[in-house]
Amino acid sequence: MLEIKDLTVEVEGKEIINDLTLNIERGEVHVLFGPNGCGKTTLLMTILGLPNYKVRKGSITFKGVDITDLPTNERVKLGMGISFQHPPEIRGVKLGDMVNIAQGRKEGKIDGDVIELAKRLNISVEFLNRDVNRGFSGGEVKRSEILQLLAQSPDFIMFDEPDSGVDIENIELIGGIISELLDRNKMPSKRKKAGLIITHSGFIMRYIKVDRAHVMLGGRIACSGMPDEITRNVMENGFEKCVEICSNVGTV
Ligand SMILES: Nc1ncnc2c1ncn2[C@@H]1O[C@H](COP(=O)(O)OP(=O)(O)OP(=O)(O)O)[C@@H](O)[C@H]1O
Ligand SMILES: [Mg+2]
C-alpha cells in the first residue's frame, strides 16, 4: 500500500527526516513512537504532500503510484486520509458541511445519514452546526476528525495522536471506530485498508490490534518490531535505549 524509500525531507531549510525507509502492506496497521520533535508529524505531512515539506531525496509510492511529486488533492483522490494532531479552525464552514463534502455531497442540508454517523461518535446535531474546530475541546477535535474520516472512508489512514487529550471512555469509543475504519474486525485475508498511528502513550492499542511498531529517532526509523515488545521496551527503557537494545538484537 505505502512504500517509503530513503526519504530525506526539509522544512524551512532544516532537515527533519533523513534517509527514512518504511513499508506498510495492504491490511496492516503500524504504530509509530518517537520523542517530541523527532519528525513524526513531519513524516505524515510529507506523505500527504503538503507544500512546506520538501522532499530532497528518496520516494513515496502509494498503491503502486509514485506520489513523491503529486499534489495533496491527487493523493487524497487515490485513497489517503488523515486525522491531524492540530487541525486548523475553519471559520464559516460547519462540521456538518465537512462531513457532507467528505461523503462526496455538497455543503448544505445535514441529512439523516450524517446525523447517524455523528451519533456513533456522541456528536449532536447542534455540534454539527458549529464551525469546524472553533472552540472545540481537545477531545471534541479528535472525535470530529474521526467523524470526517468515517464519512470519507479512505483506504490508507494516518492518525496523528488520536488518543492525546481524550478521556478514557472516548478512547474506547474512538479505538472501536478506528478499528472498524482499518478493517481490524475482519479476518486478515479480508482486510483491504491500512493505517499508520502515532501515539505517545500506546493507550489506543488496547482497543486496536496493531501489526507492527516502529521507533523514530534521528530522522529515521531506528527500530521496528512486534508491537507489544517495542511498546514495553520504549516504556521501560526510553527511546534511545530501546533503539540501542533493538540494534543489539538485530530487529531493525
Ligand atoms: N514550519 C517549520 N519551521 C521550522 N521548524 C519546523 C517547522 N515545522 C516543523 N519544524 C520542526 O521540525 C521538528 C519535527 O517536528 P514534528 O512536528 O514533526 O515533531 P513530532 O515528532 O511530531 O513531535 P510531537 O511528538 O511533539 O508531536 C521540530 O523540531 C519542529 O520544530
Ligand atoms: Mg507531532
# chains A, B, ... in the order shown; residues from 1 in each chain; ligands from 1

$ residues_near_ligand --ligand "ligand 1" --cutoff "9 Å" --atoms "only C-alpha atoms and all ligand atoms" --output "JSON, numbers by chain"
{"A": [10, 11, 12, 13, 14, 15, 16, 17, 33, 34, 35, 36, 37, 38, 39, 40, 41, 42, 43, 44, 45, 52, 53, 85, 160, 161, 198, 199, 200, 216, 217, 219]}

$ write_last_selection --atoms "N, CA and C atoms" --output "mmCIF file, in the first residue's frame"
data_model
loop_
_atom_site.group_PDB
_atom_site.id
_atom_site.type_symbol
_atom_site.label_atom_id
_atom_site.label_comp_id
_atom_site.auth_asym_id
_atom_site.auth_seq_id
_atom_site.Cartn_x
_atom_site.Cartn_y
_atom_site.Cartn_z
ATOM 1 N N GLU A 10 13.129 18.314 4.073
ATOM 2 C CA GLU A 10 13.483 19.591 4.702
ATOM 3 C C GLU A 10 12.228 20.414 4.946
ATOM 4 N N VAL A 11 12.212 21.099 6.097
ATOM 5 C CA VAL A 11 11.138 22.050 6.383
ATOM 6 C C VAL A 11 11.813 23.376 6.707
ATOM 7 N N GLU A 12 11.423 24.428 5.987
ATOM 8 C CA GLU A 12 12.025 25.755 6.189
ATOM 9 C C GLU A 12 13.561 25.669 6.199
ATOM 10 N N GLY A 13 14.117 24.918 5.289
ATOM 11 C CA GLY A 13 15.564 24.816 5.144
ATOM 12 C C GLY A 13 16.248 23.910 6.166
ATOM 13 N N LYS A 14 15.463 23.274 7.039
ATOM 14 C CA LYS A 14 16.064 22.412 8.069
ATOM 15 C C LYS A 14 15.721 20.945 7.765
ATOM 16 N N GLU A 15 16.753 20.104 7.793
ATOM 17 C CA GLU A 15 16.496 18.687 7.509
ATOM 18 C C GLU A 15 15.867 18.010 8.728
ATOM 19 N N ILE A 16 14.677 17.466 8.556
ATOM 20 C CA ILE A 16 13.970 16.832 9.677
ATOM 21 C C ILE A 16 13.965 15.308 9.512
ATOM 22 N N ILE A 17 13.759 14.853 8.279
ATOM 23 C CA ILE A 17 13.741 13.407 8.021
ATOM 24 C C ILE A 17 14.981 13.079 7.195
ATOM 25 N N PHE A 33 6.230 5.357 17.340
ATOM 26 C CA PHE A 33 6.619 6.057 18.566
ATOM 27 C C PHE A 33 7.798 6.964 18.248
ATOM 28 N N GLY A 34 8.063 7.900 19.144
ATOM 29 C CA GLY A 34 9.253 8.739 18.980
ATOM 30 C C GLY A 34 9.155 9.964 19.860
ATOM 31 N N PRO A 35 10.299 10.513 20.286
ATOM 32 C CA PRO A 35 10.259 11.680 21.182
ATOM 33 C C PRO A 35 9.675 12.912 20.502
ATOM 34 N N ASN A 36 9.248 13.877 21.314
ATOM 35 C CA ASN A 36 8.738 15.143 20.785
ATOM 36 C C ASN A 36 9.768 15.754 19.837
ATOM 37 N N GLY A 37 9.292 16.228 18.707
ATOM 38 C CA GLY A 37 10.162 16.949 17.779
ATOM 39 C C GLY A 37 11.034 16.061 16.904
ATOM 40 N N CYS A 38 10.844 14.732 16.949
ATOM 41 C CA CYS A 38 11.722 13.860 16.149
ATOM 42 C C CYS A 38 11.296 13.801 14.677
ATOM 43 N N GLY A 39 10.082 14.287 14.378
ATOM 44 C CA GLY A 39 9.669 14.341 12.963
ATOM 45 C C GLY A 39 8.505 13.441 12.587
ATOM 46 N N LYS A 40 7.751 12.965 13.577
ATOM 47 C CA LYS A 40 6.622 12.064 13.291
ATOM 48 C C LYS A 40 5.540 12.779 12.460
ATOM 49 N N THR A 41 5.136 13.970 12.944
ATOM 50 C CA THR A 41 4.109 14.716 12.207
ATOM 51 C C THR A 41 4.644 15.134 10.837
ATOM 52 N N THR A 42 5.921 15.510 10.798
ATOM 53 C CA THR A 42 6.546 15.889 9.520
ATOM 54 C C THR A 42 6.423 14.737 8.519
ATOM 55 N N LEU A 43 6.632 13.508 8.998
ATOM 56 C CA LEU A 43 6.515 12.346 8.112
ATOM 57 C C LEU A 43 5.098 12.263 7.532
ATOM 58 N N LEU A 44 4.072 12.418 8.390
ATOM 59 C CA LEU A 44 2.687 12.317 7.899
ATOM 60 C C LEU A 44 2.377 13.433 6.904
ATOM 61 N N MET A 45 2.839 14.647 7.204
ATOM 62 C CA MET A 45 2.581 15.783 6.302
ATOM 63 C C MET A 45 3.265 15.570 4.952
ATOM 64 N N ASN A 52 4.985 22.805 2.272
ATOM 65 C CA ASN A 52 6.150 23.220 3.069
ATOM 66 C C ASN A 52 7.182 22.118 3.259
ATOM 67 N N TYR A 53 6.784 20.891 2.989
ATOM 68 C CA TYR A 53 7.636 19.727 3.277
ATOM 69 C C TYR A 53 8.338 19.307 1.985
ATOM 70 N N GLN A 85 -2.949 16.066 14.127
ATOM 71 C CA GLN A 85 -2.647 16.308 15.547
ATOM 72 C C GLN A 85 -3.247 17.650 15.968
ATOM 73 N N ASP A 160 -2.626 11.013 13.731
ATOM 74 C CA ASP A 160 -1.563 11.678 14.488
ATOM 75 C C ASP A 160 -2.045 11.920 15.914
ATOM 76 N N GLU A 161 -1.642 11.050 16.821
ATOM 77 C CA GLU A 161 -2.011 11.107 18.239
ATOM 78 C C GLU A 161 -3.527 11.177 18.450
ATOM 79 N N ILE A 198 0.274 7.357 15.147
ATOM 80 C CA ILE A 198 1.285 7.916 16.052
ATOM 81 C C ILE A 198 0.664 7.988 17.443
ATOM 82 N N THR A 199 1.390 7.497 18.426
ATOM 83 C CA THR A 199 0.891 7.590 19.800
ATOM 84 C C THR A 199 2.082 7.736 20.754
ATOM 85 N N HIS A 200 1.850 8.456 21.847
ATOM 86 C CA HIS A 200 2.891 8.555 22.877
ATOM 87 C C HIS A 200 2.649 7.534 23.980
ATOM 88 N N MET A 216 10.913 6.177 15.879
ATOM 89 C CA MET A 216 11.594 7.152 15.023
ATOM 90 C C MET A 216 12.590 7.930 15.873
ATOM 91 N N LEU A 217 13.803 8.009 15.395
ATOM 92 C CA LEU A 217 14.866 8.726 16.121
ATOM 93 C C LEU A 217 15.908 9.157 15.099
ATOM 94 N N GLY A 219 15.634 11.235 12.758
ATOM 95 C CA GLY A 219 15.078 11.469 11.420
ATOM 96 C C GLY A 219 14.799 10.214 10.621
#

$ closest_residue --among "A:Lys109, A:Lys190, A:Arg130, A:Lys77" --to "Ile90 of chain A" --atoms "only C-alpha atoms"
A:Arg130

$ closest_residue --among "A:Ser59, A:Ile4, A:His86, A:Val31" --to "ligand 2" --atoms "only C-alpha atoms and all ligand atoms"
A:His86

$ atom_distance --atom1 "atom CA of Ile47 of chain A" --atom2 "atom CA of Glu74 of chain A"
12.0 Å

$ residues_around --residues "Val166 of chain A" --least-positions-apart "3" --cutoff "10 Å" --atoms "only C-alpha atoms" --output "ChimeraX atom specification"
/A:137-143,161-163,169-172,174

$ atom_distance --atom1 "atom CA of Ser83 of chain A" --atom2 "atom CA of Glu236 of chain A"
28.3 Å

$ atom_distance --atom1 "atom CA of Leu149 of chain A" --atom2 "atom CA of Arg220 of chain A"
27.6 Å

$ residues_around --residues "Val243 of chain A" --least-positions-apart "2" --cutoff "12 Å" --atoms "only C-alpha atoms" --output "ChimeraX atom specification"
/A:33-34,214-218,220-225,230-231,233-234,237-241,245-252

$ write_last_selection --atoms "N, CA and C atoms" --output "compact mmCIF listing (two decimals), in the first residue's frame"
# COMPACT_ATOMS: atom_id res chain seq x y z
N PHE A 33 6.23 5.36 17.34
CA PHE A 33 6.62 6.06 18.57
C PHE A 33 7.80 6.96 18.25
N GLY A 34 8.06 7.90 19.14
CA GLY A 34 9.25 8.74 18.98
C GLY A 34 9.16 9.96 19.86
N HIS A 214 7.14 0.90 15.31
CA HIS A 214 8.43 1.50 14.94
C HIS A 214 8.78 2.60 15.92
N VAL A 215 10.09 2.83 16.06
CA VAL A 215 10.55 3.98 16.84
C VAL A 215 11.30 4.90 15.88
N MET A 216 10.91 6.18 15.88
CA MET A 216 11.59 7.15 15.02
C MET A 216 12.59 7.93 15.87
N LEU A 217 13.80 8.01 15.39
CA LEU A 217 14.87 8.73 16.12
C LEU A 217 15.91 9.16 15.10
N GLY A 218 16.43 10.37 15.26
CA GLY A 218 17.46 10.84 14.33
C GLY A 218 16.94 10.94 12.90
N ARG A 220 14.93 9.04 11.25
CA ARG A 220 14.64 7.80 10.52
C ARG A 220 13.98 6.78 11.43
N ILE A 221 13.54 5.66 10.82
CA ILE A 221 13.00 4.57 11.62
C ILE A 221 14.22 3.84 12.18
N ALA A 222 14.39 3.96 13.51
CA ALA A 222 15.62 3.44 14.12
C ALA A 222 15.42 2.04 14.66
N CYS A 223 14.18 1.62 14.81
CA CYS A 223 13.91 0.31 15.40
C CYS A 223 12.49 -0.11 15.06
N SER A 224 12.31 -1.38 14.69
CA SER A 224 10.97 -1.89 14.36
C SER A 224 10.80 -3.27 14.95
N GLY A 225 9.56 -3.65 15.23
CA GLY A 225 9.34 -4.99 15.76
C GLY A 225 7.89 -5.24 16.10
N ILE A 230 8.00 -3.75 21.38
CA ILE A 230 8.53 -2.39 21.20
C ILE A 230 7.91 -1.45 22.24
N THR A 231 6.60 -1.58 22.47
CA THR A 231 5.94 -0.70 23.43
C THR A 231 6.56 -0.88 24.81
N ASN A 233 9.46 -2.06 25.58
CA ASN A 233 10.84 -1.59 25.53
C ASN A 233 10.91 -0.05 25.66
N VAL A 234 10.03 0.65 24.93
CA VAL A 234 10.02 2.13 24.99
C VAL A 234 9.61 2.59 26.38
N ASN A 237 12.45 1.51 28.94
CA ASN A 237 13.85 1.95 28.74
C ASN A 237 14.00 3.33 28.11
N GLY A 238 12.92 3.90 27.56
CA GLY A 238 13.05 5.17 26.83
C GLY A 238 13.48 4.91 25.40
N PHE A 239 13.41 5.96 24.58
CA PHE A 239 13.62 5.80 23.14
C PHE A 239 15.05 5.39 22.77
N GLU A 240 16.02 6.12 23.32
CA GLU A 240 17.41 5.86 22.89
C GLU A 240 17.86 4.47 23.27
N LYS A 241 17.54 4.08 24.51
CA LYS A 241 17.94 2.76 24.99
C LYS A 241 17.21 1.67 24.20
N ILE A 245 18.98 -1.35 22.30
CA ILE A 245 18.67 -2.77 22.54
C ILE A 245 18.27 -3.42 21.22
N CYS A 246 17.41 -2.70 20.47
CA CYS A 246 16.93 -3.16 19.17
C CYS A 246 18.10 -3.52 18.25
N SER A 247 19.10 -2.61 18.16
CA SER A 247 20.18 -2.88 17.22
C SER A 247 21.07 -4.01 17.71
N ASN A 248 21.15 -4.19 19.05
CA ASN A 248 21.95 -5.30 19.57
C ASN A 248 21.33 -6.66 19.22
N VAL A 249 19.97 -6.71 19.23
CA VAL A 249 19.34 -8.00 18.92
C VAL A 249 18.97 -8.11 17.45
N GLY A 250 19.30 -7.05 16.69
CA GLY A 250 19.12 -7.12 15.23
C GLY A 250 17.69 -7.10 14.75
N THR A 251 16.80 -6.34 15.45
CA THR A 251 15.40 -6.29 14.99
C THR A 251 15.10 -5.10 14.08
N VAL A 252 16.09 -4.27 13.79
CA VAL A 252 15.83 -3.08 12.95
C VAL A 252 15.44 -3.52 11.55

$ closest_residue --among "A:Ile146, A:Leu128, A:Ile197, A:Asn185" --to "ligand 2" --atoms "only C-alpha atoms and all ligand atoms"
A:Ile197

$ residues_around --residues "Asp69 of chain A" --least-positions-apart "6" --cutoff "9 Å" --atoms "only C-alpha atoms" --output "list in words"
Gly49, Val55, Ser59 and Ile60 of chain A

$ write_last_selection --atoms "N, CA and C atoms" --output "PDB file, in the first residue's frame"
ATOM      1  N   GLY A  49       1.764  15.251   1.345  1.00  0.00           N
ATOM      2  CA  GLY A  49       2.217  16.132   0.261  1.00  0.00           C
ATOM      3  C   GLY A  49       1.981  17.607   0.499  1.00  0.00           C
ATOM      4  N   VAL A  55      10.764  17.295  -0.302  1.00  0.00           N
ATOM      5  CA  VAL A  55      11.486  16.014  -0.420  1.00  0.00           C
ATOM      6  C   VAL A  55      12.794  16.279  -1.163  1.00  0.00           C
ATOM      7  N   SER A  59      11.792   8.431  -2.323  1.00  0.00           N
ATOM      8  CA  SER A  59      10.491   8.381  -2.992  1.00  0.00           C
ATOM      9  C   SER A  59       9.401   7.836  -2.077  1.00  0.00           C
ATOM     10  N   ILE A  60       8.160   8.202  -2.435  1.00  0.00           N
ATOM     11  CA  ILE A  60       6.981   7.656  -1.751  1.00  0.00           C
ATOM     12  C   ILE A  60       6.088   7.050  -2.825  1.00  0.00           C
TER      13      ILE A  60
END

$ closest_residue --among "A:Leu70, A:Leu20, A:Met158, A:Leu117" --to "Phe84 of chain A" --atoms "only C-alpha atoms"
A:Met158

$ select_by_dssp --residues "segment 128-174 of chain A" --states "strand (DSSP E or B)" --output "PyMOL selection string"
chain A and resi 131-132+156-160

$ closest_residue --among "A:Val125, A:Ala213, A:Val76, A:Leu2" --to "Ala102 of chain A" --atoms "only C-alpha atoms"
A:Val76

$ select_by_dssp --residues "segment 3-248 of chain A" --states "helix (DSSP H, G or I)" --output "VMD selection string"
chain A and resid 40 to 48 72 to 77 95 to 102 112 to 120 125 to 128 138 to 152 168 to 181 188 to 190 203 to 206 227 to 237 239 to 248

$ decode --residues "segment 70-108 of chain A" --atoms "N, CA and C atoms" --output "PDB file, in the first residue's frame"
ATOM      1  N   LEU A  70       3.298  14.423  -6.352  1.00  0.00           N
ATOM      2  CA  LEU A  70       1.868  14.601  -6.618  1.00  0.00           C
ATOM      3  C   LEU A  70       1.246  15.591  -5.620  1.00  0.00           C
ATOM      4  N   PRO A  71       0.358  16.496  -6.085  1.00  0.00           N
ATOM      5  CA  PRO A  71      -0.280  17.407  -5.126  1.00  0.00           C
ATOM      6  C   PRO A  71      -1.207  16.656  -4.151  1.00  0.00           C
ATOM      7  N   THR A  72      -1.444  17.278  -2.990  1.00  0.00           N
ATOM      8  CA  THR A  72      -2.220  16.632  -1.926  1.00  0.00           C
ATOM      9  C   THR A  72      -3.582  16.132  -2.407  1.00  0.00           C
ATOM     10  N   ASN A  73      -4.310  16.971  -3.169  1.00  0.00           N
ATOM     11  CA  ASN A  73      -5.668  16.558  -3.574  1.00  0.00           C
ATOM     12  C   ASN A  73      -5.642  15.281  -4.409  1.00  0.00           C
ATOM     13  N   GLU A  74      -4.573  15.094  -5.212  1.00  0.00           N
ATOM     14  CA  GLU A  74      -4.467  13.870  -6.026  1.00  0.00           C
ATOM     15  C   GLU A  74      -4.194  12.664  -5.127  1.00  0.00           C
ATOM     16  N   ARG A  75      -3.415  12.888  -4.070  1.00  0.00           N
ATOM     17  CA  ARG A  75      -3.118  11.788  -3.130  1.00  0.00           C
ATOM     18  C   ARG A  75      -4.401  11.371  -2.418  1.00  0.00           C
ATOM     19  N   VAL A  76      -5.195  12.367  -2.050  1.00  0.00           N
ATOM     20  CA  VAL A  76      -6.453  12.066  -1.354  1.00  0.00           C
ATOM     21  C   VAL A  76      -7.393  11.305  -2.288  1.00  0.00           C
ATOM     22  N   LYS A  77      -7.406  11.723  -3.562  1.00  0.00           N
ATOM     23  CA  LYS A  77      -8.260  11.020  -4.537  1.00  0.00           C
ATOM     24  C   LYS A  77      -7.846   9.567  -4.693  1.00  0.00           C
ATOM     25  N   LEU A  78      -6.551   9.302  -4.509  1.00  0.00           N
ATOM     26  CA  LEU A  78      -6.065   7.912  -4.607  1.00  0.00           C
ATOM     27  C   LEU A  78      -6.493   7.075  -3.392  1.00  0.00           C
ATOM     28  N   GLY A  79      -6.979   7.762  -2.329  1.00  0.00           N
ATOM     29  CA  GLY A  79      -7.496   6.997  -1.187  1.00  0.00           C
ATOM     30  C   GLY A  79      -6.743   7.181   0.112  1.00  0.00           C
ATOM     31  N   MET A  80      -6.234   8.400   0.323  1.00  0.00           N
ATOM     32  CA  MET A  80      -5.459   8.671   1.537  1.00  0.00           C
ATOM     33  C   MET A  80      -6.256   9.577   2.465  1.00  0.00           C
ATOM     34  N   GLY A  81      -6.164   9.338   3.763  1.00  0.00           N
ATOM     35  CA  GLY A  81      -6.868  10.206   4.713  1.00  0.00           C
ATOM     36  C   GLY A  81      -6.028  10.435   5.953  1.00  0.00           C
ATOM     37  N   ILE A  82      -6.377  11.475   6.726  1.00  0.00           N
ATOM     38  CA  ILE A  82      -5.594  11.782   7.923  1.00  0.00           C
ATOM     39  C   ILE A  82      -6.464  12.363   9.027  1.00  0.00           C
ATOM     40  N   SER A  83      -6.085  12.032  10.257  1.00  0.00           N
ATOM     41  CA  SER A  83      -6.625  12.716  11.424  1.00  0.00           C
ATOM     42  C   SER A  83      -5.439  13.521  11.968  1.00  0.00           C
ATOM     43  N   PHE A  84      -5.547  14.860  11.885  1.00  0.00           N
ATOM     44  CA  PHE A  84      -4.418  15.728  12.242  1.00  0.00           C
ATOM     45  C   PHE A  84      -4.207  15.804  13.753  1.00  0.00           C
ATOM     46  N   GLN A  85      -2.949  16.066  14.127  1.00  0.00           N
ATOM     47  CA  GLN A  85      -2.647  16.308  15.547  1.00  0.00           C
ATOM     48  C   GLN A  85      -3.247  17.650  15.968  1.00  0.00           C
ATOM     49  N   HIS A  86      -3.049  18.675  15.141  1.00  0.00           N
ATOM     50  CA  HIS A  86      -3.598  20.004  15.438  1.00  0.00           C
ATOM     51  C   HIS A  86      -4.303  20.540  14.197  1.00  0.00           C
ATOM     52  N   PRO A  87      -5.533  20.104  13.937  1.00  0.00           N
ATOM     53  CA  PRO A  87      -6.219  20.599  12.735  1.00  0.00           C
ATOM     54  C   PRO A  87      -6.596  22.076  12.888  1.00  0.00           C
ATOM     55  N   PRO A  88      -6.652  22.812  11.790  1.00  0.00           N
ATOM     56  CA  PRO A  88      -6.970  24.245  11.897  1.00  0.00           C
ATOM     57  C   PRO A  88      -8.453  24.491  12.153  1.00  0.00           C
ATOM     58  N   GLU A  89      -8.729  25.666  12.714  1.00  0.00           N
ATOM     59  CA  GLU A  89     -10.105  26.149  12.841  1.00  0.00           C
ATOM     60  C   GLU A  89     -10.544  26.623  11.465  1.00  0.00           C
ATOM     61  N   ILE A  90     -11.755  26.288  11.051  1.00  0.00           N
ATOM     62  CA  ILE A  90     -12.203  26.775   9.740  1.00  0.00           C
ATOM     63  C   ILE A  90     -13.478  27.608   9.938  1.00  0.00           C
ATOM     64  N   ARG A  91     -13.309  28.901   9.997  1.00  0.00           N
ATOM     65  CA  ARG A  91     -14.456  29.786  10.224  1.00  0.00           C
ATOM     66  C   ARG A  91     -15.379  29.786   9.010  1.00  0.00           C
ATOM     67  N   GLY A  92     -16.665  29.712   9.255  1.00  0.00           N
ATOM     68  CA  GLY A  92     -17.651  29.784   8.163  1.00  0.00           C
ATOM     69  C   GLY A  92     -17.939  28.432   7.526  1.00  0.00           C
ATOM     70  N   VAL A  93     -17.235  27.368   7.970  1.00  0.00           N
ATOM     71  CA  VAL A  93     -17.543  26.019   7.451  1.00  0.00           C
ATOM     72  C   VAL A  93     -17.987  25.154   8.617  1.00  0.00           C
ATOM     73  N   LYS A  94     -19.218  24.657   8.502  1.00  0.00           N
ATOM     74  CA  LYS A  94     -19.747  23.835   9.595  1.00  0.00           C
ATOM     75  C   LYS A  94     -19.183  22.416   9.524  1.00  0.00           C
ATOM     76  N   LEU A  95     -19.106  21.784  10.701  1.00  0.00           N
ATOM     77  CA  LEU A  95     -18.639  20.393  10.731  1.00  0.00           C
ATOM     78  C   LEU A  95     -19.538  19.524   9.849  1.00  0.00           C
ATOM     79  N   GLY A  96     -20.846  19.773   9.905  1.00  0.00           N
ATOM     80  CA  GLY A  96     -21.799  19.002   9.074  1.00  0.00           C
ATOM     81  C   GLY A  96     -21.484  19.143   7.586  1.00  0.00           C
ATOM     82  N   ASP A  97     -21.066  20.357   7.171  1.00  0.00           N
ATOM     83  CA  ASP A  97     -20.699  20.574   5.761  1.00  0.00           C
ATOM     84  C   ASP A  97     -19.471  19.748   5.402  1.00  0.00           C
ATOM     85  N   MET A  98     -18.492  19.721   6.310  1.00  0.00           N
ATOM     86  CA  MET A  98     -17.269  18.938   6.062  1.00  0.00           C
ATOM     87  C   MET A  98     -17.616  17.463   5.911  1.00  0.00           C
ATOM     88  N   VAL A  99     -18.543  16.986   6.724  1.00  0.00           N
ATOM     89  CA  VAL A  99     -18.924  15.572   6.651  1.00  0.00           C
ATOM     90  C   VAL A  99     -19.631  15.310   5.314  1.00  0.00           C
ATOM     91  N   ASN A 100     -20.513  16.247   4.915  1.00  0.00           N
ATOM     92  CA  ASN A 100     -21.171  16.135   3.601  1.00  0.00           C
ATOM     93  C   ASN A 100     -20.138  16.058   2.488  1.00  0.00           C
ATOM     94  N   ILE A 101     -19.157  16.962   2.530  1.00  0.00           N
ATOM     95  CA  ILE A 101     -18.132  17.027   1.476  1.00  0.00           C
ATOM     96  C   ILE A 101     -17.308  15.732   1.479  1.00  0.00           C
ATOM     97  N   ALA A 102     -16.966  15.255   2.693  1.00  0.00           N
ATOM     98  CA  ALA A 102     -16.177  14.009   2.802  1.00  0.00           C
ATOM     99  C   ALA A 102     -16.939  12.832   2.190  1.00  0.00           C
ATOM    100  N   GLN A 103     -18.270  12.911   2.213  1.00  0.00           N
ATOM    101  CA  GLN A 103     -19.080  11.829   1.626  1.00  0.00           C
ATOM    102  C   GLN A 103     -19.342  12.058   0.137  1.00  0.00           C
ATOM    103  N   GLY A 104     -18.755  13.136  -0.401  1.00  0.00           N
ATOM    104  CA  GLY A 104     -18.904  13.412  -1.826  1.00  0.00           C
ATOM    105  C   GLY A 104     -20.155  14.199  -2.156  1.00  0.00           C
ATOM    106  N   ARG A 105     -20.802  14.774  -1.115  1.00  0.00           N
ATOM    107  CA  ARG A 105     -22.001  15.591  -1.376  1.00  0.00           C
ATOM    108  C   ARG A 105     -21.660  17.062  -1.264  1.00  0.00           C
ATOM    109  N   LYS A 106     -22.652  17.913  -1.590  1.00  0.00           N
ATOM    110  CA  LYS A 106     -22.429  19.358  -1.470  1.00  0.00           C
ATOM    111  C   LYS A 106     -22.640  19.796  -0.023  1.00  0.00           C
ATOM    112  N   GLU A 107     -22.180  21.037   0.265  1.00  0.00           N
ATOM    113  CA  GLU A 107     -22.486  21.634   1.571  1.00  0.00           C
ATOM    114  C   GLU A 107     -24.004  21.833   1.641  1.00  0.00           C
ATOM    115  N   GLY A 108     -24.485  22.186   2.804  1.00  0.00           N
ATOM    116  CA  GLY A 108     -25.918  22.495   2.883  1.00  0.00           C
ATOM    117  C   GLY A 108     -26.612  21.680   3.926  1.00  0.00           C
TER     118      GLY A 108
END
